[in-house]
Each structure stands twice: as structure tokens, then as C-alpha cells.
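Trainee: Here you go, model_1.csv (CSV, C-alpha atoms):
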```
chain,number,residue,atom,x,y,z
V,498,MET,CA,8.6,74.6,-96.9
V,499,ALA,CA,6.0,73.1,-94.6
V,500,ASP,CA,3.4,73.5,-97.3
V,501,VAL,CA,5.3,71.6,-99.8
V,502,GLN,CA,5.8,68.8,-97.4
V,503,THR,CA,2.1,68.5,-96.6
V,504,ASN,CA,1.4,68.5,-100.3
V,505,ASP,CA,3.8,65.7,-100.7
V,506,SER,CA,2.4,63.6,-98.0
V,507,ASP,CA,-1.2,64.1,-99.1
V,508,SER,CA,-0.6,63.7,-102.7
V,509,GLY,CA,-1.2,59.9,-102.6
V,510,LYS,CA,-4.7,60.3,-101.2
V,511,GLY,CA,-5.4,63.4,-103.3
V,512,GLY,CA,-7.9,66.0,-102.3
V,513,LYS,CA,-6.0,69.1,-101.1
V,514,HIS,CA,-9.0,70.5,-99.3
V,515,LYS,CA,-10.2,67.4,-97.6
V,516,LYS,CA,-10.9,67.6,-93.9
V,517,VAL,CA,-8.2,66.2,-91.7
V,518,ARG,CA,-9.8,63.4,-89.7
V,519,ALA,CA,-8.5,61.3,-86.9
V,520,LYS,CA,-8.0,57.8,-88.1
V,521,LYS,CA,-10.7,55.6,-86.8
V,522,GLN,CA,-9.0,53.1,-84.6
V,523,SER,CA,-10.4,49.8,-83.6
V,524,THR,CA,-11.2,49.4,-79.9
V,525,HIS,CA,-9.7,46.0,-79.9
V,526,ILE,CA,-6.1,45.7,-78.8
V,527,ASP,CA,-4.0,42.7,-79.3
V,528,MET,CA,-4.0,40.9,-76.0
V,529,THR,CA,-1.8,38.0,-76.9
V,530,PRO,CA,1.3,39.2,-75.1
V,531,MET,CA,-0.7,39.9,-72.0
V,532,VAL,CA,-2.2,36.4,-72.1
V,533,ASP,CA,1.3,35.0,-72.6
V,534,LEU,CA,2.5,36.9,-69.6
V,535,ALA,CA,-0.4,35.9,-67.5
V,536,PHE,CA,0.0,32.2,-68.2
V,537,LEU,CA,3.7,32.4,-67.7
V,538,LEU,CA,3.1,33.8,-64.2
V,539,LEU,CA,0.4,31.2,-63.6
V,540,THR,CA,2.7,28.3,-64.5
V,541,PHE,CA,5.5,29.8,-62.4
V,542,PHE,CA,3.4,30.1,-59.3
V,543,MET,CA,1.9,26.7,-59.8
V,544,MET,CA,5.2,25.0,-60.0
V,545,THR,CA,7.2,26.8,-57.4
V,546,THR,CA,4.8,27.1,-54.5
V,547,THR,CA,2.9,24.8,-52.2
V,548,PHE,CA,-0.4,25.2,-50.6
V,549,GLY,CA,-0.4,26.4,-47.0
V,550,LYS,CA,1.7,25.0,-44.3
V,551,PRO,CA,2.2,21.4,-43.4
V,552,LYS,CA,-0.1,20.1,-40.8
V,553,THR,CA,1.3,18.7,-37.5
V,554,MET,CA,0.2,16.5,-34.7
V,555,GLU,CA,1.2,17.7,-31.3
V,556,ILE,CA,2.4,15.1,-28.8
V,557,ASN,CA,3.7,15.4,-25.3
V,558,MET,CA,6.0,12.7,-24.2
V,559,PRO,CA,6.0,11.6,-20.6
V,560,VAL,CA,8.8,13.3,-18.7
V,561,LYS,CA,11.5,10.8,-18.0
V,562,PRO,CA,12.1,10.3,-14.3
V,563,ASP,CA,15.6,11.1,-13.2
V,564,THR,CA,15.8,7.9,-11.2
V,565,PRO,CA,14.4,4.7,-12.5
V,566,GLU,CA,11.4,3.7,-10.6
V,567,ASN,CA,8.5,1.3,-10.9
V,568,GLN,CA,5.9,2.5,-13.2
V,569,THR,CA,2.6,3.2,-11.6
V,570,LEU,CA,0.3,0.3,-12.4
V,571,VAL,CA,-2.8,1.1,-14.3
V,572,ASN,CA,-5.9,-1.0,-14.1
V,573,ASN,CA,-8.2,0.4,-16.6
V,574,ALA,CA,-5.8,0.9,-19.5
V,575,VAL,CA,-5.4,-0.8,-22.8
V,576,THR,CA,-1.9,-1.5,-23.8
V,577,ILE,CA,-1.2,-1.5,-27.5
V,578,LEU,CA,1.9,-3.3,-28.7
V,579,LEU,CA,3.1,-2.5,-32.2
V,580,THR,CA,5.3,-4.7,-34.3
V,581,GLY,CA,6.3,-5.3,-37.9
V,582,ASP,CA,4.0,-6.3,-40.7
V,583,ASP,CA,1.4,-3.8,-39.5
V,584,LYS,CA,0.4,-6.1,-36.7
V,585,ILE,CA,-1.1,-4.8,-33.4
V,586,TYR,CA,-1.3,-6.8,-30.2
V,587,TRP,CA,-3.2,-5.6,-27.2
V,588,TYR,CA,-4.3,-6.5,-23.7
V,589,PHE,CA,-6.4,-4.9,-21.1
V,590,GLY,CA,-5.3,-3.8,-17.7
V,591,GLU,CA,-2.2,-4.8,-15.8
V,592,LEU,CA,0.4,-7.1,-17.2
V,593,LYS,CA,0.1,-10.4,-15.3
V,594,PRO,CA,1.8,-13.7,-16.0
V,595,GLU,CA,-1.5,-15.1,-17.3
V,596,THR,CA,-2.1,-12.1,-19.6
V,597,LYS,CA,-3.0,-13.2,-23.2
V,598,LEU,CA,-2.4,-10.9,-26.1
V,599,GLU,CA,-5.0,-10.3,-28.8
V,600,LEU,CA,-4.3,-9.5,-32.4
V,601,THR,CA,-6.0,-6.7,-34.2
V,602,ASN,CA,-5.3,-4.5,-37.2
V,603,TYR,CA,-5.6,-0.9,-38.4
V,604,SER,CA,-9.0,-1.3,-40.1
V,605,ASN,CA,-12.2,0.2,-39.0
V,606,ASP,CA,-13.3,-3.1,-37.4
V,607,GLY,CA,-10.0,-3.4,-35.6
V,608,LEU,CA,-8.4,-0.7,-33.7
V,609,ARG,CA,-11.1,1.9,-34.1
V,610,LYS,CA,-13.9,-0.5,-32.9
V,611,LEU,CA,-11.7,-1.5,-29.9
V,612,PHE,CA,-11.1,2.1,-28.9
V,613,LEU,CA,-14.7,3.2,-29.5
V,614,ASP,CA,-16.0,0.3,-27.4
V,615,LYS,CA,-13.6,0.8,-24.5
V,616,ASN,CA,-13.9,4.6,-24.6
V,617,LYS,CA,-17.7,4.5,-24.7
V,618,TYR,CA,-17.9,6.9,-21.7
V,619,ALA,CA,-16.0,9.7,-23.3
V,620,VAL,CA,-17.4,9.3,-26.8
V,621,ASP,CA,-21.0,9.3,-25.6
V,622,ARG,CA,-20.3,12.3,-23.3
V,623,ILE,CA,-18.7,14.3,-26.1
V,624,LYS,CA,-21.5,13.5,-28.5
V,625,GLN,CA,-24.0,14.6,-25.9
V,626,LEU,CA,-22.0,17.8,-25.3
V,627,ARG,CA,-21.9,18.6,-29.0
V,628,THR,CA,-25.6,18.2,-29.5
V,629,GLU,CA,-26.2,20.3,-26.4
V,630,SER,CA,-23.9,23.0,-27.5
V,631,ALA,CA,-25.7,23.1,-30.9
V,632,THR,CA,-29.1,23.7,-29.2
V,633,ASN,CA,-28.0,26.0,-26.3
V,634,ASN,CA,-25.5,28.1,-28.1
V,635,MET,CA,-22.7,27.1,-25.8
V,636,ALA,CA,-19.5,29.1,-26.2
V,637,ASP,CA,-16.7,27.2,-28.1
V,638,SER,CA,-14.3,27.6,-25.3
V,639,THR,CA,-16.7,26.1,-22.8
V,640,LEU,CA,-17.4,23.2,-25.1
V,641,LYS,CA,-13.7,22.6,-25.5
V,642,ARG,CA,-13.1,22.7,-21.8
V,643,LEU,CA,-16.0,20.2,-21.2
V,644,GLU,CA,-14.7,17.9,-23.9
V,645,VAL,CA,-11.2,17.9,-22.3
V,646,GLU,CA,-12.8,17.2,-19.0
V,647,ALA,CA,-14.7,14.2,-20.4
V,648,LYS,CA,-11.6,12.8,-22.1
V,649,GLY,CA,-9.7,13.1,-18.8
V,650,ALA,CA,-12.4,11.7,-16.6
V,651,LYS,CA,-11.7,8.6,-14.5
V,652,GLN,CA,-14.1,6.4,-16.5
V,653,ALA,CA,-12.4,7.4,-19.8
V,654,LEU,CA,-10.0,5.1,-21.5
V,655,MET,CA,-6.3,5.3,-21.0
V,656,VAL,CA,-4.0,3.9,-23.7
V,657,LEU,CA,-0.4,2.9,-23.5
V,658,VAL,CA,1.3,2.7,-26.9
V,659,LYS,CA,4.4,0.6,-27.1
V,660,ALA,CA,6.4,-0.1,-30.2
V,661,ASP,CA,9.1,-2.7,-30.7
V,662,ASP,CA,12.1,-2.4,-33.0
V,663,LYS,CA,10.2,-3.8,-36.1
V,664,ALA,CA,7.5,-1.2,-36.0
V,665,LYS,CA,7.5,1.6,-38.6
V,666,TYR,CA,7.0,5.2,-37.8
V,667,LYS,CA,3.7,5.2,-39.8
V,668,ASN,CA,2.3,2.6,-37.3
V,669,VAL,CA,2.9,4.8,-34.4
V,670,VAL,CA,1.4,7.9,-36.1
V,671,ASP,CA,-1.6,5.8,-37.3
V,672,VAL,CA,-2.3,4.7,-33.7
V,673,LEU,CA,-2.0,8.2,-32.4
V,674,ASP,CA,-4.3,9.4,-35.1
V,675,GLU,CA,-6.8,6.7,-34.2
V,676,LEU,CA,-6.6,7.8,-30.6
V,677,ASN,CA,-7.5,11.3,-31.7
V,678,ILE,CA,-10.3,10.1,-33.9
V,679,THR,CA,-11.8,8.0,-31.1
V,680,MET,CA,-11.4,10.9,-28.6
V,681,VAL,CA,-9.1,9.2,-26.3
V,682,GLY,CA,-7.5,11.9,-24.2
V,683,LYS,CA,-5.2,9.9,-22.0
V,684,TYR,CA,-2.4,8.2,-23.8
V,685,ALA,CA,1.3,7.8,-23.7
V,686,ILE,CA,4.1,6.3,-25.7
V,687,VAL,CA,6.2,4.2,-23.5
V,688,ASP,CA,9.0,1.6,-23.9
V,689,LEU,CA,8.3,-2.1,-24.3
V,690,ALA,CA,8.9,-4.3,-21.3
V,691,GLN,CA,10.9,-7.5,-21.7
V,692,GLN,CA,7.9,-9.5,-20.6
V,693,GLU,CA,5.8,-8.0,-23.4
V,694,PHE,CA,8.5,-8.6,-25.9
V,695,ASP,CA,8.4,-12.3,-25.0
V,696,LEU,CA,4.6,-12.3,-25.2
V,697,ILE,CA,4.8,-11.0,-28.8
V,698,ASN,CA,7.4,-13.6,-29.8
V,699,ASN,CA,5.5,-16.4,-28.3
V,700,PHE,CA,2.1,-15.3,-29.6
V,701,LYS,CA,-0.1,-18.1,-30.9
V,702,PRO,CA,-3.4,-17.2,-32.5
V,703,GLN,CA,-6.3,-18.5,-30.5
V,704,PRO,CA,-8.4,-21.1,-32.3
L,342,MET,CA,-23.8,30.0,-110.6
L,343,PRO,CA,-22.4,32.0,-107.8
L,344,THR,CA,-19.7,30.2,-105.8
L,345,VAL,CA,-20.4,29.7,-102.1
L,346,LYS,CA,-18.3,32.1,-100.2
L,347,MET,CA,-17.3,31.3,-96.6
L,348,PRO,CA,-18.1,34.3,-94.4
L,349,LYS,CA,-14.9,36.2,-93.8
L,350,ASN,CA,-14.1,35.9,-90.1
L,351,SER,CA,-11.5,37.9,-88.4
L,352,PRO,CA,-8.7,35.7,-87.2
L,353,SER,CA,-8.4,37.6,-84.0
L,354,LEU,CA,-10.8,36.5,-81.2
L,355,ASP,CA,-11.8,38.3,-78.1
L,356,MET,CA,-9.4,37.2,-75.4
L,357,THR,CA,-10.7,39.3,-72.6
L,358,PRO,CA,-12.4,36.5,-70.7
L,359,MET,CA,-9.3,34.4,-71.0
L,360,VAL,CA,-7.2,37.1,-69.7
L,361,ASP,CA,-9.6,37.6,-66.8
L,362,LEU,CA,-9.4,33.9,-66.0
L,363,ALA,CA,-5.7,33.8,-66.2
L,364,PHE,CA,-5.2,36.7,-63.9
L,365,LEU,CA,-7.7,35.4,-61.5
L,366,LEU,CA,-5.8,32.2,-61.3
L,367,VAL,CA,-2.5,34.1,-60.9
L,368,THR,CA,-3.9,36.1,-58.1
L,369,PHE,CA,-5.3,33.0,-56.5
L,370,PHE,CA,-2.0,31.2,-56.6
L,371,MET,CA,-0.1,34.2,-55.4
L,372,LEU,CA,-2.3,34.6,-52.4
L,373,THR,CA,-2.9,31.0,-51.3
L,374,THR,CA,0.4,29.4,-51.8
L,375,GLN,CA,3.9,29.9,-50.5
L,376,PHE,CA,7.2,29.1,-52.0
L,377,ARG,CA,8.2,25.5,-51.7
L,378,PRO,CA,11.4,25.2,-49.8
L,379,ASP,CA,14.1,23.3,-51.7
L,380,GLU,CA,14.2,20.0,-49.9
L,381,PRO,CA,17.1,17.8,-50.7
L,382,VAL,CA,15.4,14.6,-49.6
L,383,ILE,CA,11.9,13.4,-50.3
L,384,ILE,CA,10.0,12.6,-47.2
L,385,ASP,CA,6.6,11.0,-47.4
L,386,SER,CA,4.9,11.9,-44.2
L,387,PRO,CA,2.1,9.7,-42.8
L,388,SER,CA,-1.4,11.1,-42.7
L,389,SER,CA,-3.5,12.2,-39.7
L,390,ILE,CA,-6.6,14.1,-39.0
L,391,SER,CA,-4.8,16.8,-37.1
L,392,GLU,CA,-5.4,20.3,-38.5
L,393,LYS,CA,-2.8,22.1,-36.5
L,394,ILE,CA,-0.5,24.2,-38.5
L,395,LEU,CA,3.2,24.0,-38.2
L,396,PRO,CA,4.4,26.9,-36.0
L,397,ASP,CA,6.6,29.5,-37.6
L,398,LYS,CA,9.7,29.1,-35.5
L,399,VAL,CA,10.5,25.5,-35.6
L,400,MET,CA,13.4,23.2,-35.5
L,401,ILE,CA,12.8,20.3,-37.8
L,402,VAL,CA,14.5,16.9,-37.6
L,403,ALA,CA,13.7,14.8,-40.6
L,404,ILE,CA,14.0,11.1,-40.9
L,405,ASP,CA,13.8,9.5,-44.3
L,406,ASN,CA,12.9,6.0,-45.3
L,407,LYS,CA,16.5,4.8,-45.0
L,408,ASN,CA,16.6,6.1,-41.4
L,409,ARG,CA,19.0,8.9,-42.2
L,410,ILE,CA,18.6,12.0,-40.1
L,411,PHE,CA,18.4,15.5,-41.5
L,412,PHE,CA,18.2,18.8,-39.7
L,413,ASN,CA,16.8,22.2,-40.4
L,414,LEU,CA,16.5,25.5,-38.6
L,415,GLU,CA,15.5,28.7,-40.3
L,416,GLY,CA,16.9,32.1,-39.7
L,417,LYS,CA,20.2,33.5,-41.1
L,418,GLU,CA,21.7,34.8,-37.8
L,419,ILE,CA,20.7,31.7,-35.9
L,420,ARG,CA,22.3,29.4,-38.5
L,421,LYS,CA,25.5,31.4,-38.5
L,422,ALA,CA,25.8,31.3,-34.7
L,423,MET,CA,24.9,27.6,-34.6
L,424,LEU,CA,27.5,26.7,-37.3
L,425,GLN,CA,30.2,28.7,-35.5
L,426,GLN,CA,29.6,26.8,-32.2
L,427,MET,CA,29.4,23.5,-34.0
L,428,GLY,CA,32.6,24.1,-35.9
L,429,ASP,CA,34.4,25.1,-32.6
L,430,LYS,CA,33.3,21.9,-30.9
L,431,TYR,CA,34.4,19.6,-33.7
L,432,GLY,CA,37.4,21.6,-34.8
L,433,VAL,CA,36.2,22.4,-38.3
L,434,LYS,CA,36.9,26.0,-39.4
L,435,PHE,CA,34.3,27.7,-41.4
L,436,ASP,CA,35.2,31.0,-43.1
L,437,ASP,CA,32.8,34.0,-43.7
L,438,ASN,CA,31.9,32.9,-47.1
L,439,GLU,CA,31.0,29.4,-46.0
L,440,MET,CA,29.0,30.8,-43.1
L,441,MET,CA,27.1,33.0,-45.5
L,442,ARG,CA,26.3,30.1,-47.8
L,443,PHE,CA,25.3,27.9,-44.9
L,444,SER,CA,22.9,30.6,-43.6
L,445,ILE,CA,20.8,30.5,-46.7
L,446,MET,CA,20.8,26.7,-47.1
L,447,SER,CA,17.9,24.6,-46.0
L,448,THR,CA,17.8,21.0,-44.7
L,449,PHE,CA,21.1,19.2,-44.5
L,450,GLY,CA,22.1,15.8,-43.4
L,451,MET,CA,25.8,14.8,-43.0
L,452,SER,CA,28.5,15.0,-40.4
L,453,VAL,CA,30.1,18.3,-39.6
L,454,GLN,CA,33.3,17.1,-41.3
L,455,GLN,CA,31.5,16.5,-44.5
L,456,LEU,CA,29.4,19.6,-44.2
L,457,LYS,CA,32.3,21.9,-45.1
L,458,LYS,CA,32.6,20.2,-48.5
L,459,TYR,CA,28.8,20.2,-49.0
L,460,ILE,CA,28.5,23.9,-48.4
L,461,THR,CA,30.8,24.7,-51.3
L,462,LEU,CA,28.9,22.6,-53.8
L,463,ASP,CA,26.3,24.0,-56.2
L,464,THR,CA,22.7,22.9,-56.2
L,465,GLU,CA,23.1,20.0,-58.6
L,466,LYS,CA,26.1,18.5,-56.9
L,467,ARG,CA,24.4,18.9,-53.5
L,468,LYS,CA,21.6,16.6,-54.5
L,469,GLU,CA,24.2,13.9,-55.6
L,470,PHE,CA,26.1,14.4,-52.4
L,471,MET,CA,23.0,14.1,-50.3
L,472,ASP,CA,22.0,10.8,-52.0
L,473,LYS,CA,25.3,9.3,-50.9
L,474,SER,CA,25.3,10.9,-47.5
L,475,GLU,CA,24.8,8.8,-44.3
L,476,GLY,CA,22.7,11.5,-42.6
L,477,ILE,CA,23.7,13.2,-39.3
L,478,PRO,CA,25.4,10.8,-36.9
L,479,TYR,CA,23.2,10.3,-33.9
L,480,ASP,CA,24.5,7.3,-32.0
L,481,SER,CA,25.6,7.7,-28.5
L,482,LEU,CA,29.3,7.8,-29.3
L,483,ASN,CA,29.1,10.5,-32.0
L,484,ASN,CA,25.9,12.3,-31.2
L,485,GLN,CA,26.1,15.2,-33.6
L,486,LEU,CA,22.4,15.6,-33.8
L,487,GLY,CA,22.3,16.3,-30.1
L,488,ASP,CA,24.9,19.0,-30.6
L,489,TRP,CA,23.0,20.6,-33.5
L,490,ILE,CA,19.9,20.7,-31.3
L,491,ARG,CA,21.8,22.1,-28.4
L,492,PHE,CA,23.6,24.7,-30.4
L,493,GLY,CA,20.5,25.6,-32.3
L,494,ARG,CA,18.7,26.4,-29.1
L,495,LEU,CA,21.7,28.3,-27.8
L,496,ALA,CA,22.0,30.3,-31.0
L,497,ASP,CA,18.3,31.1,-30.8
L,498,ALA,CA,18.7,32.3,-27.3
L,499,GLN,CA,21.6,34.5,-28.3
L,500,VAL,CA,20.0,36.0,-31.4
L,501,ASN,CA,16.6,36.6,-29.8
L,502,PRO,CA,17.1,37.1,-26.1
L,503,ASP,CA,14.0,37.2,-24.0
L,504,GLY,CA,11.5,36.9,-26.8
L,505,PRO,CA,7.8,36.6,-26.1
L,506,LYS,CA,6.7,33.2,-24.9
L,507,GLU,CA,4.5,32.4,-28.0
L,508,LYS,CA,7.6,32.9,-30.1
L,509,GLN,CA,9.4,30.2,-28.4
L,510,MET,CA,11.1,27.6,-30.6
L,511,ARG,CA,9.1,24.4,-31.3
L,512,PHE,CA,10.4,21.1,-32.2
L,513,ALA,CA,9.1,19.1,-35.1
L,514,ILE,CA,9.8,15.6,-36.2
L,515,LYS,CA,9.2,14.9,-39.9
L,516,GLY,CA,9.4,11.2,-40.3
L,517,ASP,CA,8.9,9.2,-43.4
L,518,ALA,CA,6.0,6.7,-43.1
L,519,GLN,CA,8.5,3.9,-43.7
L,520,ALA,CA,11.1,5.0,-41.3
L,521,ASN,CA,11.8,2.6,-38.4
L,522,TYR,CA,10.2,3.6,-35.1
L,523,THR,CA,13.5,2.9,-33.3
L,524,SER,CA,15.2,5.7,-35.2
L,525,VAL,CA,12.3,8.1,-34.4
L,526,LYS,CA,12.5,6.9,-30.8
L,527,ARG,CA,16.2,7.6,-30.7
L,528,VAL,CA,15.6,11.2,-32.0
L,529,ILE,CA,12.9,11.7,-29.3
L,530,ASP,CA,15.2,10.4,-26.7
L,531,ILE,CA,17.9,12.8,-27.8
L,532,PHE,CA,15.4,15.6,-27.5
L,533,GLN,CA,14.2,14.4,-24.1
L,534,GLU,CA,17.8,14.3,-22.8
L,535,MET,CA,17.6,18.1,-23.3
L,536,LYS,CA,14.3,18.3,-21.5
L,537,VAL,CA,12.2,18.8,-24.6
L,538,ASN,CA,9.1,16.8,-24.1
L,539,ARG,CA,6.7,18.4,-26.6
L,540,PHE,CA,6.9,17.7,-30.2
L,541,ASN,CA,5.0,18.4,-33.4
L,542,LEU,CA,4.9,15.4,-35.7
L,543,ILE,CA,4.5,16.6,-39.3
L,544,THR,CA,1.8,14.8,-41.1
L,545,THR,CA,-0.4,15.3,-44.1
L,546,LEU,CA,-4.1,16.0,-43.7
L,547,GLU,CA,-6.7,13.3,-44.1
L,548,GLN,CA,-10.5,13.4,-43.6
L,549,ASN,CA,-11.8,12.6,-40.2
L,550,PRO,CA,-14.0,9.6,-40.6
L,551,ILE,CA,-16.3,10.2,-37.7
L,552,GLN,CA,-18.0,13.5,-37.2
```
Could you render the structure as C-alpha cells?
Mentor:
Amino acid sequence: MADVQTNDSDSGKGGKHKKVRAKKQSTHIDMTPMVDLAFLLLTFFMMTTTFGKPKTMEINMPVKPDTPENQTLVNNAVTILLTGDDKIYWYFGELKPETKLELTNYSNDGLRKLFLDKNKYAVDRIKQLRTESATNNMADSTLKRLEVEAKGAKQALMVLVKADDKAKYKNVVDVLDELNITMVGKYAIVDLAQQEFDLINNFKPQP
Amino acid sequence: MPTVKMPKNSPSLDMTPMVDLAFLLVTFFMLTTQFRPDEPVIIDSPSSISEKILPDKVMIVAIDNKNRIFFNLEGKEIRKAMLQQMGDKYGVKFDDNEMMRFSIMSTFGMSVQQLKKYITLDTEKRKEFMDKSEGIPYDSLNNQLGDWIRFGRLADAQVNPDGPKEKQMRFAIKGDAQANYTSVKRVIDIFQEMKVNRFNLITTLEQNPIQ
């Protein structure tokens, strides 16, 4: 029976005594389905995922005193007053009846120049430390500690950020960011005093 | 005259390099990205130079550009315990099914009374609901945000008692750039009433201009 069957199947190709050879197969396989799958996965991952984690900015708010008391007066501090329309007013030192506000903005010549000028001590010190650390192979932790020290030094600038009810959240974050860029280590977000509110409302640009 | 014959090319081309590339990209995306959480509201965070990464265990209070407040805290068990306490306080009963559905939800922003209805909706309807929602009430008369924060912390303490210090819960504020500062201030005040003085403000990364 088996013989008959082989005869039958071979009959088309003829040659009863021909050697049985393995069919020569091409080494190429069709990769189309594989590519399909790969791109499908690629699209899926591209659409459903996000890169990394969101970045955050850490901030410590001053602890609220249990009993209201007079705020300690600061002499070498810049007070930044934020209001609507992306305007920034500022004054230096203590709030006195004769204090005049100055207007600035978020550009490089505005807030950044102001902070860099006033915070010259810390900026110079940190730059010096960084060049030193590059030449002397200072440990990162030491550098960090010295930088923090420089930022917290007495001569370094202190900034009080006060925002009124027209200010946007972006304004506050921008100022905090500017403080980080200009290496101001001492800053706080505090409430606006009534006097300062009046000053903003009565602000007249100086000629 | 012999006719010009085009060389007979095989229609199949070697796709190996293409496959290599495709799988390389797949691997890259699988390793470097993470699944995007389904956020019901779009919040456009302001940018900063800060490179700190958002901690793992974090309570997020989001404020969108219409000054609505949203709340999110991850962790199934924590969410269940939190919802239970919240329901008890406001006299809203949540059954087991609702608890289950709430525990796998993400950000939400509505009063507890409306929350019950929101939980039962499907994803499509939830979006609609959220668009109309007023956000979590946070004025001093009906300070539900304060309660969410308090119960969230309590629930965390119950679920993970005496966890290591570095695993402590952090508090993040995710504000839209156009949100009013007063709303953000109010949120910070609510946190500070509970003696939380340290925050993470969620921002997008920008290049540091000086370096």
C-alpha cells in the first residue's frame, strides 16, 4: 500500500529512482507581521506613557506663630510685591512711611539683575567655591555645605515675597525660581501688609 | 530589436534593520517612560529650574485655571480608609463596591455629596461631570479639602503604622500657571493649619540660564 502511495505522489515529477532531497528553503522569512507587532507596541508605549516623573520645587513656609506678634524687622532685605498684569514692585529694607516702591519685571534686566546685584556676596562666593572645587577636587558634599553657608551668610541677600489678590500662581513660582537661579538662600513668602497694599494702589511711576 | 527588460526584482525587501530599529525604540520607551495617569483635568504647571523629582508617596492638591481644587492620594487601602472616614463625617454612606471603585480612581474634585454619584459613572461620563464640577469646597464654612487632607494623613498612619522616616508622606501642590495666588495661598493655609509647612510645588523643567 505504501509503495503505491509514493508512486502516486511522485508520479507528477517522474523519475522513480531519483534521490530524495530536502527542499532548498530560502533563509529569508517574512518579517512583516513582526514589524507590524513591533510598531504596534511602539505606538502603544508612545501614546500611553510619559517621560519620567514631574519635577518639583521644594518650599518651606515660615511656621505660623500661635499668637500674633510683630514681625522682626529686617534691614538688609528686599521686599518683592507681586500684583496683577505681571507687575513687580519692590523696595529695600524696612517699610517706612517715606518708602518708595520701584517697578520691575520678570525679564533678565529686571528681577534677575536686581537679585544678582543685591546678592553679589553670595553669587561671587559660590562662583569662587565652584572654581576652587574644580581645581582641588573638593567633595560634592563639602561644596554643597559651603554653598549653603554662603547663601545663609549675614551679608547674603534676604528676600520677602508678598503677593496680593491679583497675582497669579505663575508669578509666585517665577519669583521663587528666579531666587533659586540667583542663588538667594534666604527667602520667605509672607502676607501683604495694609501699608504695602496702599503703596501699590497709589503707585505713580517716577519721571 | 530586443525589448528592454526591467530587471526582475523581488518584491520583498530585507526588513531586518527596520525590525531592529522598531524593537530598539520599543525597549527604549518601555524602560524610560511610565504610564500616564488618567488625569481628569488639564493643569498647565509653571516652569522652574528645579530638578528635584516628585517623591513616591505624595498627596497632591491640584488647582486648575478656574481655581477649582482637586485632590489625589495614591494607595488602595489608604483611599478606602480615607473615604470611609470622610463618609462618616459628612453622613454619606459608601458601599463596598463604591469603595472599591474609589480606591482605583485618580484625581477627583467635587464635594463628598457629589462624589457618590461620580464614583458610579464610567470614564466618559466622569469627564463631563468633572467639567461641570465646582471642585472640592475649601472655604472656611465648608472646608472639605481640610478634611480630605486630615483623613488622608490619618488613613496613611493607620495603613502604614511606624513606617521609616524617608517614606513619610509629602505634600505637593500642582497649580496651573493661571490660577490665582489667593487660591493657592488658601490651600497652603489649610495645610499650615495642620502643621504642614513643607511643600513640593510641581513644575515643569526649564533650562537654568546661568551656569
Trainee: Distance cut-off 6 Å, counting all atoms listed in the file - which residues of chain V neighbour chain L? Return them as a ChimeraX atom specification.
Mentor: /V:532,535,539,545-549,551-558,662,664-667,674
Trainee: Quick one: write out the picked residues with C-alpha atoms as a PDB file, in the coordinates of the input?
Mentor:
```pdb
ATOM      1  CA  VAL V 532      -2.200  36.400 -72.100  1.00  0.00           C
ATOM      2  CA  ALA V 535      -0.400  35.900 -67.500  1.00  0.00           C
ATOM      3  CA  LEU V 539       0.400  31.200 -63.600  1.00  0.00           C
ATOM      4  CA  THR V 545       7.200  26.800 -57.400  1.00  0.00           C
ATOM      5  CA  THR V 546       4.800  27.100 -54.500  1.00  0.00           C
ATOM      6  CA  THR V 547       2.900  24.800 -52.200  1.00  0.00           C
ATOM      7  CA  PHE V 548      -0.400  25.200 -50.600  1.00  0.00           C
ATOM      8  CA  GLY V 549      -0.400  26.400 -47.000  1.00  0.00           C
ATOM      9  CA  PRO V 551       2.200  21.400 -43.400  1.00  0.00           C
ATOM     10  CA  LYS V 552      -0.100  20.100 -40.800  1.00  0.00           C
ATOM     11  CA  THR V 553       1.300  18.700 -37.500  1.00  0.00           C
ATOM     12  CA  MET V 554       0.200  16.500 -34.700  1.00  0.00           C
ATOM     13  CA  GLU V 555       1.200  17.700 -31.300  1.00  0.00           C
ATOM     14  CA  ILE V 556       2.400  15.100 -28.800  1.00  0.00           C
ATOM     15  CA  ASN V 557       3.700  15.400 -25.300  1.00  0.00           C
ATOM     16  CA  MET V 558       6.000  12.700 -24.200  1.00  0.00           C
ATOM     17  CA  ASP V 662      12.100  -2.400 -33.000  1.00  0.00           C
ATOM     18  CA  ALA V 664       7.500  -1.200 -36.000  1.00  0.00           C
ATOM     19  CA  LYS V 665       7.500   1.600 -38.600  1.00  0.00           C
ATOM     20  CA  TYR V 666       7.000   5.200 -37.800  1.00  0.00           C
ATOM     21  CA  LYS V 667       3.700   5.200 -39.800  1.00  0.00           C
ATOM     22  CA  ASP V 674      -4.300   9.400 -35.100  1.00  0.00           C
TER      23      ASP V 674
END
```
Trainee: Just to confirm, what's the straight-line distance from CA of Asn699 (chain V) to CA of Leu598 (chain V) in Å (one decimal)?
Mentor: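 Here the two named atoms are 9.9 Å from each other.
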Trainee: Could you name the residues that touch Ser474 (chain L) at 9 Å or less, counting all atoms listed in the file, but leaving out those on the same chain fewer than 2 positions away, as a list in words?
Mentor: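 The residues satisfying every condition are Arg409, Gly450, Met451, Ser452, Gln455, Glu469, Phe470, Met471, Asp472, Gly476 and Ile477 of chain L.
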Trainee: So how many Å separate CA of Tyr586 (chain V) and CA of Gln548 (chain L), to one decimal?
Mentor: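 Between these atoms lies a distance of 25.9 Å.
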Trainee: Separation of CA of Lys417 (chain L) and CA of Leu456 (chain L), in Å?
Mentor: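 These atoms are spaced 17.0 Å apart.
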Trainee: What's the 8 Å shell around Val433 (chain L), counting only C-alpha atoms, without same-chain residues fewer than 6 positions away, as number ranges by chain?
Mentor: L: 453-454, 457
